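Asker: I'm passing along protein-v9.txt; it holds compact mmCIF, C-alpha atoms.
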```txt
# COMPACT_ATOMS: atom_id res chain seq x y z
CA MET Y 6 -83.18 -10.67 -3.03
CA THR Y 7 -82.17 -14.12 -2.32
CA ALA Y 8 -78.84 -14.55 -0.54
CA PRO Y 9 -76.33 -16.59 -2.51
CA THR Y 10 -76.05 -20.12 -1.44
CA HIS Y 11 -72.54 -21.14 -0.35
CA HIS Y 12 -71.52 -24.63 -1.29
CA HIS Y 13 -68.91 -25.87 1.17
CA ALA Y 14 -66.51 -28.50 -0.11
CA PRO Y 15 -66.58 -31.66 1.95
CA ALA Y 16 -63.81 -31.90 4.51
CA PRO Y 17 -60.96 -34.02 3.26
CA HIS Y 18 -60.68 -37.32 4.95
CA ALA Y 19 -57.52 -37.96 6.91
CA TYR Y 20 -55.28 -40.62 5.42
CA VAL Y 21 -55.37 -43.88 7.27
CA SER Y 22 -52.44 -46.16 6.61
CA PRO Y 23 -53.32 -49.82 6.07
CA ILE Y 24 -50.15 -50.69 7.94
CA PRO Y 25 -50.61 -50.78 11.73
CA MET Y 26 -48.72 -47.79 13.20
CA ARG Y 27 -47.07 -47.78 16.62
CA ARG Y 28 -44.62 -45.57 18.46
CA ALA Y 29 -40.96 -46.54 17.93
CA HIS Y 30 -38.92 -47.46 21.00
CA LEU Y 31 -35.38 -48.41 21.99
CA GLY Y 32 -35.90 -52.00 20.85
CA ASP Y 33 -36.42 -50.82 17.27
CA ALA Y 34 -33.21 -48.76 17.43
CA LEU Y 35 -31.33 -51.77 18.84
CA ALA Y 36 -32.59 -53.99 15.99
CA SER Y 37 -31.55 -51.35 13.46
CA GLU Y 38 -28.05 -50.93 14.91
CA TRP Y 39 -27.56 -54.71 15.17
CA THR Y 40 -28.48 -55.06 11.50
CA LYS Y 41 -26.01 -52.35 10.53
CA ILE Y 42 -23.07 -53.58 12.63
CA ARG Y 43 -23.38 -57.22 11.51
CA SER Y 44 -23.87 -56.41 7.84
CA VAL Y 45 -20.75 -54.26 7.26
CA ARG Y 46 -17.43 -55.86 6.36
CA SER Y 47 -15.40 -53.74 8.79
CA THR Y 48 -17.00 -55.57 11.73
CA LEU Y 49 -16.03 -58.99 10.36
CA TRP Y 50 -12.48 -57.91 9.51
CA THR Y 51 -11.67 -56.08 12.74
CA LEU Y 52 -13.14 -58.75 15.01
CA GLY Y 53 -11.51 -61.50 12.91
CA VAL Y 54 -8.06 -59.88 13.18
CA MET Y 55 -8.63 -59.30 16.92
CA ILE Y 56 -9.42 -62.99 17.48
CA LEU Y 57 -6.40 -64.04 15.41
CA LEU Y 58 -4.08 -61.78 17.42
CA MET Y 59 -5.45 -62.98 20.76
CA LEU Y 60 -5.06 -66.64 19.83
CA ALA Y 61 -1.70 -66.42 18.00
CA ILE Y 62 0.08 -64.17 20.50
CA GLY Y 63 -1.53 -65.68 23.60
CA LEU Y 64 -0.73 -69.27 22.64
CA GLY Y 65 2.69 -68.31 21.22
CA VAL Y 66 3.78 -66.63 24.46
CA ALA Y 67 2.54 -69.61 26.46
CA ALA Y 68 4.48 -72.01 24.19
CA ILE Y 69 7.68 -69.96 24.60
CA ALA Y 70 7.28 -69.83 28.40
CA SER Y 71 6.60 -73.55 28.55
CA ALA Y 72 9.65 -74.40 26.42
CA SER Y 73 11.98 -72.12 28.41
CA GLU Y 74 10.99 -73.76 31.72
CA ALA Y 75 11.86 -70.48 33.47
CA PRO Y 76 10.69 -70.34 37.11
CA MET Y 77 7.41 -68.40 37.49
CA GLY Y 78 7.73 -67.84 41.25
CA GLU Y 79 4.37 -66.84 42.76
CA GLU Y 80 2.95 -65.62 39.46
CA SER Y 81 0.23 -67.51 37.57
CA ALA Y 82 0.21 -68.02 33.80
CA LEU Y 83 -2.85 -65.76 33.38
CA GLY Y 84 -0.63 -62.67 33.23
CA PHE Y 85 0.46 -63.74 29.74
CA GLY Y 86 -3.02 -62.71 28.56
CA PHE Y 87 -1.78 -59.10 28.44
CA PHE Y 88 0.36 -59.83 25.36
CA GLY Y 89 -2.70 -60.66 23.26
CA MET Y 90 -4.90 -58.04 24.90
CA LEU Y 91 -2.70 -55.07 23.89
CA PRO Y 92 -2.74 -55.59 20.09
CA ALA Y 93 -6.41 -56.65 20.26
CA SER Y 94 -7.21 -53.24 21.77
CA ILE Y 95 -6.19 -51.53 18.49
CA CYS Y 96 -8.84 -53.58 16.64
CA VAL Y 97 -11.46 -52.68 19.25
CA ILE Y 98 -10.53 -48.99 19.00
CA THR Y 99 -10.91 -49.10 15.21
CA LEU Y 100 -14.30 -50.82 15.36
CA GLY Y 101 -15.56 -48.45 18.07
CA VAL Y 102 -14.72 -45.37 16.00
CA LEU Y 103 -16.11 -46.84 12.76
CA THR Y 104 -19.43 -47.74 14.45
CA ILE Y 105 -20.51 -44.11 14.21
CA ALA Y 106 -17.81 -42.09 12.38
CA SER Y 107 -18.23 -44.11 9.17
CA GLU Y 108 -21.87 -42.94 9.06
CA TYR Y 109 -20.69 -39.34 9.04
CA GLY Y 110 -18.28 -40.16 6.21
CA THR Y 111 -20.92 -41.77 4.00
CA GLY Y 112 -23.82 -39.47 4.95
CA MET Y 113 -25.74 -42.40 6.42
CA ILE Y 114 -26.07 -40.47 9.68
CA ARG Y 115 -28.73 -38.22 8.04
CA THR Y 116 -30.85 -41.24 7.17
CA THR Y 117 -30.34 -42.68 10.66
CA LEU Y 118 -31.42 -39.48 12.40
CA THR Y 119 -34.35 -39.00 10.02
CA ALA Y 120 -35.63 -42.47 10.82
CA CYS Y 121 -34.99 -41.96 14.54
CA PRO Y 122 -35.06 -38.23 15.42
CA THR Y 123 -34.36 -38.96 19.09
CA ARG Y 124 -30.58 -38.68 18.90
CA ALA Y 125 -29.92 -39.94 22.42
CA ARG Y 126 -31.77 -43.14 21.53
CA VAL Y 127 -29.55 -43.66 18.48
CA LEU Y 128 -26.33 -43.27 20.48
CA THR Y 129 -27.68 -45.45 23.30
CA ALA Y 130 -28.56 -48.22 20.85
CA LYS Y 131 -25.13 -48.03 19.20
CA ALA Y 132 -23.38 -48.16 22.59
CA ILE Y 133 -25.42 -51.14 23.84
CA VAL Y 134 -25.04 -53.20 20.65
CA PHE Y 135 -21.31 -52.45 20.37
CA PHE Y 136 -20.59 -53.16 24.06
CA LEU Y 137 -22.44 -56.48 24.13
CA LEU Y 138 -20.84 -57.66 20.87
CA VAL Y 139 -17.25 -56.81 21.85
CA PHE Y 140 -17.70 -57.97 25.47
CA THR Y 141 -19.05 -61.36 24.37
CA VAL Y 142 -16.39 -62.02 21.72
CA THR Y 143 -13.42 -60.88 23.81
CA THR Y 144 -14.57 -62.70 26.94
CA VAL Y 145 -15.02 -65.98 25.06
CA PHE Y 146 -11.58 -65.87 23.42
CA ALA Y 147 -9.83 -64.49 26.51
CA THR Y 148 -11.22 -67.51 28.37
CA LEU Y 149 -9.96 -69.95 25.70
CA VAL Y 150 -6.49 -68.37 25.75
CA ALA Y 151 -6.39 -68.34 29.57
CA VAL Y 152 -7.32 -72.02 29.80
CA ALA Y 153 -4.63 -72.93 27.25
CA GLN Y 154 -1.99 -70.83 29.03
CA VAL Y 155 -2.68 -72.41 32.41
CA ALA Y 156 -2.58 -75.89 30.85
CA MET Y 157 0.69 -75.26 28.97
CA VAL Y 158 2.78 -73.32 31.54
CA ASP Y 159 4.04 -74.86 34.77
CA ALA Y 160 3.07 -72.12 37.24
CA ARG Y 161 0.96 -71.44 40.34
CA GLU Y 162 -2.74 -72.37 40.08
CA PRO Y 163 -4.78 -69.13 39.64
CA THR Y 164 -7.39 -68.12 42.20
CA SER Y 165 -11.07 -67.60 41.34
CA ALA Y 166 -10.63 -63.81 41.40
CA GLU Y 167 -7.70 -64.04 38.99
CA TRP Y 168 -9.74 -66.22 36.60
CA LEU Y 169 -12.60 -63.70 36.72
CA ARG Y 170 -10.36 -60.70 36.00
CA ALA Y 171 -8.47 -62.49 33.17
CA THR Y 172 -11.70 -63.46 31.39
CA VAL Y 173 -14.73 -61.28 32.25
CA GLY Y 174 -12.54 -58.38 33.41
CA ALA Y 175 -10.42 -58.39 30.24
CA GLY Y 176 -13.54 -58.55 28.06
CA ALA Y 177 -15.20 -55.68 29.94
CA TYR Y 178 -12.03 -53.55 29.81
CA LEU Y 179 -11.70 -53.89 26.03
CA ALA Y 180 -15.44 -53.25 25.53
CA LEU Y 181 -15.23 -50.06 27.65
CA LEU Y 182 -12.15 -48.97 25.68
CA GLY Y 183 -14.26 -49.45 22.56
CA LEU Y 184 -17.05 -47.32 24.07
CA LEU Y 185 -14.49 -44.57 24.69
CA SER Y 186 -13.54 -44.85 21.00
CA LEU Y 187 -17.22 -44.68 19.97
CA ALA Y 188 -17.68 -41.53 22.05
CA LEU Y 189 -14.58 -39.96 20.50
CA GLY Y 190 -15.84 -40.87 17.03
CA THR Y 191 -19.10 -39.05 17.88
CA LEU Y 192 -17.18 -35.97 19.04
CA ILE Y 193 -14.70 -35.79 16.12
CA ARG Y 194 -17.00 -37.22 13.37
CA HIS Y 195 -14.00 -38.32 11.29
CA SER Y 196 -12.80 -41.95 11.20
CA ALA Y 197 -9.09 -41.40 10.52
CA GLY Y 198 -8.84 -38.50 12.96
CA ALA Y 199 -10.60 -40.31 15.80
CA ILE Y 200 -8.57 -43.53 15.32
CA THR Y 201 -5.34 -41.50 15.33
CA VAL Y 202 -6.31 -39.73 18.54
CA MET Y 203 -7.24 -43.03 20.24
CA ILE Y 204 -3.98 -44.75 19.24
CA GLY Y 205 -2.17 -41.66 20.53
CA LEU Y 206 -3.98 -42.01 23.88
CA LEU Y 207 -3.02 -45.69 23.93
CA LEU Y 208 0.70 -45.34 23.20
CA LEU Y 209 1.81 -41.72 23.60
CA PRO Y 210 1.90 -41.57 27.45
CA LEU Y 211 4.39 -44.46 27.64
CA VAL Y 212 6.51 -43.08 24.78
CA ALA Y 213 6.55 -39.60 26.35
CA ALA Y 214 7.49 -41.02 29.77
CA LEU Y 215 10.52 -42.79 28.28
CA PHE Y 216 12.03 -39.43 27.31
CA MET Y 217 11.44 -37.60 30.60
CA PHE Y 218 14.99 -37.65 31.91
CA SER Y 219 14.71 -34.51 34.06
CA GLU Y 220 14.40 -34.97 37.81
CA ALA Y 221 11.76 -32.21 37.85
CA LEU Y 222 9.51 -34.39 35.68
CA ARG Y 223 9.94 -37.53 37.81
CA SER Y 224 6.43 -37.38 39.29
CA VAL Y 225 4.89 -36.83 35.85
CA GLN Y 226 6.88 -39.74 34.45
CA GLU Y 227 5.72 -42.06 37.25
CA ALA Y 228 2.09 -41.00 36.75
CA LEU Y 229 2.30 -41.67 33.01
CA PHE Y 230 3.87 -45.09 33.59
CA THR Y 231 1.23 -45.99 36.20
CA TYR Y 232 -1.93 -44.71 34.49
CA ALA Y 233 -1.15 -45.35 30.80
CA ILE Y 234 -3.65 -47.72 29.23
CA PRO Y 235 -1.12 -50.58 28.65
CA SER Y 236 -0.01 -50.29 32.31
CA GLN Y 237 -3.66 -50.47 33.40
CA MET Y 238 -4.06 -53.67 31.37
CA ILE Y 239 -1.09 -55.22 33.20
CA ALA Y 240 -2.52 -54.09 36.55
CA LEU Y 241 -5.79 -55.87 35.74
CA TYR Y 242 -3.96 -59.21 36.04
CA SER Y 243 -2.31 -58.36 39.37
CA ALA Y 244 -3.75 -58.08 42.88
CA ARG Y 245 -0.99 -55.62 43.84
CA PRO Y 246 0.21 -52.45 42.05
CA PRO Y 247 2.68 -53.72 39.44
CA PHE Y 248 4.61 -50.42 39.32
CA GLY Y 249 5.79 -49.42 42.80
CA ASP Y 250 3.84 -49.31 46.04
CA SER Y 251 0.93 -47.20 44.81
CA GLY Y 252 -1.37 -47.27 41.82
CA PRO Y 253 -4.42 -49.22 40.69
CA ALA Y 254 -4.54 -53.01 40.72
CA GLY Y 255 -7.11 -55.79 40.45
CA TRP Y 256 -10.54 -54.41 39.47
CA GLU Y 257 -9.51 -50.75 39.89
CA PRO Y 258 -8.28 -50.28 36.27
CA LEU Y 259 -11.72 -51.44 35.10
CA LEU Y 260 -13.43 -48.84 37.32
CA ILE Y 261 -11.12 -46.11 36.02
CA MET Y 262 -11.86 -47.00 32.39
CA CYS Y 263 -15.61 -47.12 33.22
CA GLY Y 264 -15.44 -43.56 34.59
CA VAL Y 265 -13.45 -42.26 31.60
CA ALA Y 266 -15.82 -43.90 29.08
CA ALA Y 267 -18.90 -42.54 30.95
CA ALA Y 268 -17.48 -38.99 30.89
CA ALA Y 269 -16.67 -39.22 27.17
CA LEU Y 270 -20.15 -40.59 26.40
CA ALA Y 271 -21.75 -37.74 28.36
CA GLY Y 272 -19.88 -35.27 26.14
CA ALA Y 273 -20.91 -37.23 23.04
CA TYR Y 274 -24.60 -37.09 24.06
CA ALA Y 275 -24.38 -33.32 24.66
CA LEU Y 276 -22.71 -32.53 21.33
CA LEU Y 277 -24.85 -34.95 19.30
CA ASN Y 278 -27.99 -33.17 20.57
CA SER Y 279 -26.64 -29.66 20.01
CA ARG Y 280 -24.90 -29.95 16.63
CA ASP Y 281 -26.32 -30.18 13.16
CA VAL Y 282 -25.44 -33.13 10.93
```
Output the file's structure as structure tokens, nothing else.
Answerer:
Amino acid sequence: MTAPTHHHAPAPHAYVSPIPMRRAHLGDALASEWTKIRSVRSTLWTLGVMILLMLAIGLGVAAIASASEAPMGEESALGFGFFGMLPASICVITLGVLTIASEYGTGMIRTTLTACPTRARVLTAKAIVFFLLVFTVTTVFATLVAVAQVAMVDAREPTSAEWLRATVGAGAYLALLGLLSLALGTLIRHSAGAITVMIGLLLLPLVAALFMFSEALRSVQEALFTYAIPSQMIALYSARPPFGDSGPAGWEPLLIMCGVAAAALAGAYALLNSRDV
């Protein structure tokens, strides 16, 4: 009896794409995030309003100080930069939250994480693109406002360190505040909720300190006045603690904000890797 002959089907050929394939890297994620952040209207609107506030308030305060001819003592005119920096911080907070929380609202985050499954790479790319964009824009316009203020107001000539803090330092502080907002947007995953929490962090400590009339809360009140974000912005323009004998001054507020933003980003990385979308 002849054994049946088995006819084996030919092995299927593996598909070979005509498009050259390569492993994706951080540069691809950076290009993707840059395309997204420059193509949405919220970026244009928030940065446009921020620039308008910095120019209008900064130059307006300088014009008022110049017209009043009030003696400036040993202070330089660069301290007036705080008045434009505070309202500009609200725009930076909004943009930082929207950079990632808006993707959760629209469902775009699923497409993003499907295209780039390495979640840490996505968050790193968002943080780098956002930081460089906000740092560049705020530093440029803080410098323009500072030059105009020094030219308009009759006050002491600023030192090199004061120039550096009022321009590069102010830009870096706002960019780090935006990174803190981005991290909070990653943790909360809701635009309105994260923006509300960030504005609360910005303003609530000072408001709460104003109503602490009890002597038992004196130390808490002083700590809130000293370490509130608006107080830290004022301290960035001063070489000495502006509120009493102790507290941060000079570059120290920038280091504090850097530590807070790094801690918040570490939490954002941990939760982004552990949660489902």
Asker: Under the rule that all atoms listed in the file are counted, which of Y:Val142, Y:Cys96, Y:Leu229, Y:Val173 is the nearest residue to Leu241 in chain Y?
Answerer: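 Nearest candidate to Leu241 in chain Y out of Y:Val142, Y:Cys96, Y:Leu229, Y:Val173: Y:Val173.
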Asker: With distances taken over all atoms listed in the file, which of Y:Val145, Y:Leu270, Y:Ile234, Y:Ala68 is nearest to Gly205 in chain Y?
Answerer: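 Using all atoms listed in the file, the shortest distance to Gly205 in chain Y belongs to Y:Ile234.
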Asker: Which one of Y:Gly272, Y:Gly176, Y:Pro235, Y:Gly190 sits closest to Gly101 in chain Y if you count all atoms listed in the file?
Answerer: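 Checking each of Y:Gly272, Y:Gly176, Y:Pro235, Y:Gly190 against Gly101 in chain Y, counting all atoms listed in the file, the winner is Y:Gly190.
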Asker: Measuring atom to atom with all atoms listed in the file, identify which of Y:Ala188, Y:Val158, Y:Ile193, Y:Leu182 is nearest to Glu74 in chain Y.
Answerer: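 Closest residue, counting all atoms listed in the file: Y:Val158.
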Asker: Env of range 36-50 of chain Y: 9 Å cut, atoms = all atoms listed in the file, seq-sep filter 5 positions within chain, self excluded. Answer as a list in words.
Answerer: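 The contact residues come out as Leu31, Met55, Leu100, Leu103, Thr104, Val127, Ala130, Lys131, Val134 and Phe135 of chain Y.
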Asker: Interatomic distance between CA of Thr148 in chain Y and CA of Leu206 in chain Y?
Answerer: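 Separating CA of Thr148 in chain Y from CA of Leu206 in chain Y is a distance of 26.9 Å.
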Asker: Counting only C-alpha atoms, which residue out of Y:Leu209, Y:Tyr109, Y:Ala151, Y:Leu187 sits closest to Phe88 in chain Y?
Answerer: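 Ranked by minimum distance to Phe88 in chain Y, first place goes to Y:Ala151.
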Asker: Find the distance between CA of Arg124 in chain Y and CA of His30 in chain Y and write it in Å to one decimal.
Answerer: 12.3 Å
Asker: Which residue gives the smallest distance to Thr123 in chain Y among Y:Gly110, Y:Ala180, Y:Ala34, Y:Phe218, with all atoms listed in the file counted?
Answerer: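 Between Y:Gly110, Y:Ala180, Y:Ala34, Y:Phe218, the residue approaching Thr123 in chain Y most closely is Y:Ala34.
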Asker: Between CA of Leu91 in chain Y and CA of Gly63 in chain Y, what distance in Å does the model show, to one decimal?
Answerer: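 We find that CA of Leu91 in chain Y and CA of Gly63 in chain Y lie 10.7 Å from each other.
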Asker: List as a PyMOL selection string the protein and nucleic acid residues near Ala244 in chain Y, meaning an atom at most 10 Å away when all atoms listed in the file are counted, but skip any in the same chain fewer than 3 places from it.
Answerer: chain Y and resi 166-167+170+240-241+247+253-257
Asker: Taking (2.7, -48.7, 43.1) in the coordinates of the supplied file, I want to know which residues reach to within 12 Å of it, counting all atoms listed in the file; could you give the answer as a ChimeraX atom specification?
Answerer: /Y:227-228,230-232,236-237,240,243-254
Asker: Would you write out those residues with C-alpha atoms, as an mmCIF file, in the coordinates of the input?
Answerer:
```
data_model
loop_
_atom_site.group_PDB
_atom_site.id
_atom_site.type_symbol
_atom_site.label_atom_id
_atom_site.label_comp_id
_atom_site.auth_asym_id
_atom_site.auth_seq_id
_atom_site.Cartn_x
_atom_site.Cartn_y
_atom_site.Cartn_z
ATOM 1 C CA GLU Y 227 5.720 -42.060 37.250
ATOM 2 C CA ALA Y 228 2.090 -41.000 36.750
ATOM 3 C CA PHE Y 230 3.870 -45.090 33.590
ATOM 4 C CA THR Y 231 1.230 -45.990 36.200
ATOM 5 C CA TYR Y 232 -1.930 -44.710 34.490
ATOM 6 C CA SER Y 236 -0.010 -50.290 32.310
ATOM 7 C CA GLN Y 237 -3.660 -50.470 33.400
ATOM 8 C CA ALA Y 240 -2.520 -54.090 36.550
ATOM 9 C CA SER Y 243 -2.310 -58.360 39.370
ATOM 10 C CA ALA Y 244 -3.750 -58.080 42.880
ATOM 11 C CA ARG Y 245 -0.990 -55.620 43.840
ATOM 12 C CA PRO Y 246 0.210 -52.450 42.050
ATOM 13 C CA PRO Y 247 2.680 -53.720 39.440
ATOM 14 C CA PHE Y 248 4.610 -50.420 39.320
ATOM 15 C CA GLY Y 249 5.790 -49.420 42.800
ATOM 16 C CA ASP Y 250 3.840 -49.310 46.040
ATOM 17 C CA SER Y 251 0.930 -47.200 44.810
ATOM 18 C CA GLY Y 252 -1.370 -47.270 41.820
ATOM 19 C CA PRO Y 253 -4.420 -49.220 40.690
ATOM 20 C CA ALA Y 254 -4.540 -53.010 40.720
#
```
Asker: Can you sort out range 145-161 of chain Y so it carries N, CA, C and O atoms, written as an mmCIF file, keeping the file's coordinate frame?
Answerer:
```cif
data_model
loop_
_atom_site.group_PDB
_atom_site.id
_atom_site.type_symbol
_atom_site.label_atom_id
_atom_site.label_comp_id
_atom_site.auth_asym_id
_atom_site.auth_seq_id
_atom_site.Cartn_x
_atom_site.Cartn_y
_atom_site.Cartn_z
ATOM 1 N N VAL Y 145 -15.102 -64.583 25.490
ATOM 2 C CA VAL Y 145 -15.020 -65.980 25.060
ATOM 3 C C VAL Y 145 -13.585 -66.351 24.678
ATOM 4 O O VAL Y 145 -13.041 -67.371 25.139
ATOM 5 N N PHE Y 146 -12.926 -65.504 23.881
ATOM 6 C CA PHE Y 146 -11.580 -65.870 23.420
ATOM 7 C C PHE Y 146 -10.523 -65.604 24.487
ATOM 8 O O PHE Y 146 -9.497 -66.286 24.506
ATOM 9 N N ALA Y 147 -10.734 -64.654 25.376
ATOM 10 C CA ALA Y 147 -9.830 -64.490 26.510
ATOM 11 C C ALA Y 147 -9.890 -65.720 27.408
ATOM 12 O O ALA Y 147 -8.860 -66.157 27.954
ATOM 13 N N THR Y 148 -11.080 -66.296 27.561
ATOM 14 C CA THR Y 148 -11.220 -67.510 28.370
ATOM 15 C C THR Y 148 -10.490 -68.689 27.710
ATOM 16 O O THR Y 148 -9.781 -69.450 28.391
ATOM 17 N N LEU Y 149 -10.647 -68.853 26.397
ATOM 18 C CA LEU Y 149 -9.960 -69.950 25.700
ATOM 19 C C LEU Y 149 -8.446 -69.809 25.825
ATOM 20 O O LEU Y 149 -7.741 -70.801 26.096
ATOM 21 N N VAL Y 150 -7.933 -68.599 25.648
ATOM 22 C CA VAL Y 150 -6.490 -68.370 25.750
ATOM 23 C C VAL Y 150 -6.018 -68.616 27.186
ATOM 24 O O VAL Y 150 -4.962 -69.233 27.406
ATOM 25 N N ALA Y 151 -6.789 -68.156 28.170
ATOM 26 C CA ALA Y 151 -6.390 -68.340 29.570
ATOM 27 C C ALA Y 151 -6.339 -69.817 29.939
ATOM 28 O O ALA Y 151 -5.399 -70.266 30.618
ATOM 29 N N VAL Y 152 -7.317 -70.585 29.504
ATOM 30 C CA VAL Y 152 -7.320 -72.020 29.800
ATOM 31 C C VAL Y 152 -6.105 -72.712 29.174
ATOM 32 O O VAL Y 152 -5.433 -73.531 29.806
ATOM 33 N N ALA Y 153 -5.790 -72.332 27.920
ATOM 34 C CA ALA Y 153 -4.630 -72.930 27.250
ATOM 35 C C ALA Y 153 -3.330 -72.534 27.942
ATOM 36 O O ALA Y 153 -2.425 -73.358 28.098
ATOM 37 N N GLN Y 154 -3.214 -71.280 28.364
ATOM 38 C CA GLN Y 154 -1.990 -70.830 29.030
ATOM 39 C C GLN Y 154 -1.762 -71.560 30.347
ATOM 40 O O GLN Y 154 -0.645 -71.981 30.648
ATOM 41 N N VAL Y 155 -2.820 -71.710 31.131
ATOM 42 C CA VAL Y 155 -2.680 -72.410 32.410
ATOM 43 C C VAL Y 155 -2.328 -73.886 32.186
ATOM 44 O O VAL Y 155 -1.547 -74.476 32.947
ATOM 45 N N ALA Y 156 -2.877 -74.482 31.126
ATOM 46 C CA ALA Y 156 -2.580 -75.890 30.850
ATOM 47 C C ALA Y 156 -1.152 -76.090 30.317
ATOM 48 O O ALA Y 156 -0.537 -77.128 30.576
ATOM 49 N N MET Y 157 -0.618 -75.095 29.614
ATOM 50 C CA MET Y 157 0.690 -75.260 28.970
ATOM 51 C C MET Y 157 1.857 -74.880 29.891
ATOM 52 O O MET Y 157 2.939 -75.478 29.810
ATOM 53 N N VAL Y 158 1.666 -73.867 30.747
ATOM 54 C CA VAL Y 158 2.780 -73.320 31.540
ATOM 55 C C VAL Y 158 2.750 -73.902 32.944
ATOM 56 O O VAL Y 158 1.691 -73.960 33.582
ATOM 57 N N ASP Y 159 3.914 -74.325 33.422
ATOM 58 C CA ASP Y 159 4.040 -74.860 34.770
ATOM 59 C C ASP Y 159 4.177 -73.693 35.739
ATOM 60 O O ASP Y 159 5.267 -73.130 35.908
ATOM 61 N N ALA Y 160 3.077 -73.275 36.340
ATOM 62 C CA ALA Y 160 3.070 -72.120 37.240
ATOM 63 C C ALA Y 160 2.018 -72.336 38.330
ATOM 64 O O ALA Y 160 1.315 -73.356 38.351
ATOM 65 N N ARG Y 161 1.922 -71.342 39.230
ATOM 66 C CA ARG Y 161 0.960 -71.440 40.340
ATOM 67 C C ARG Y 161 -0.470 -71.496 39.807
ATOM 68 O O ARG Y 161 -0.805 -70.828 38.810
#
```
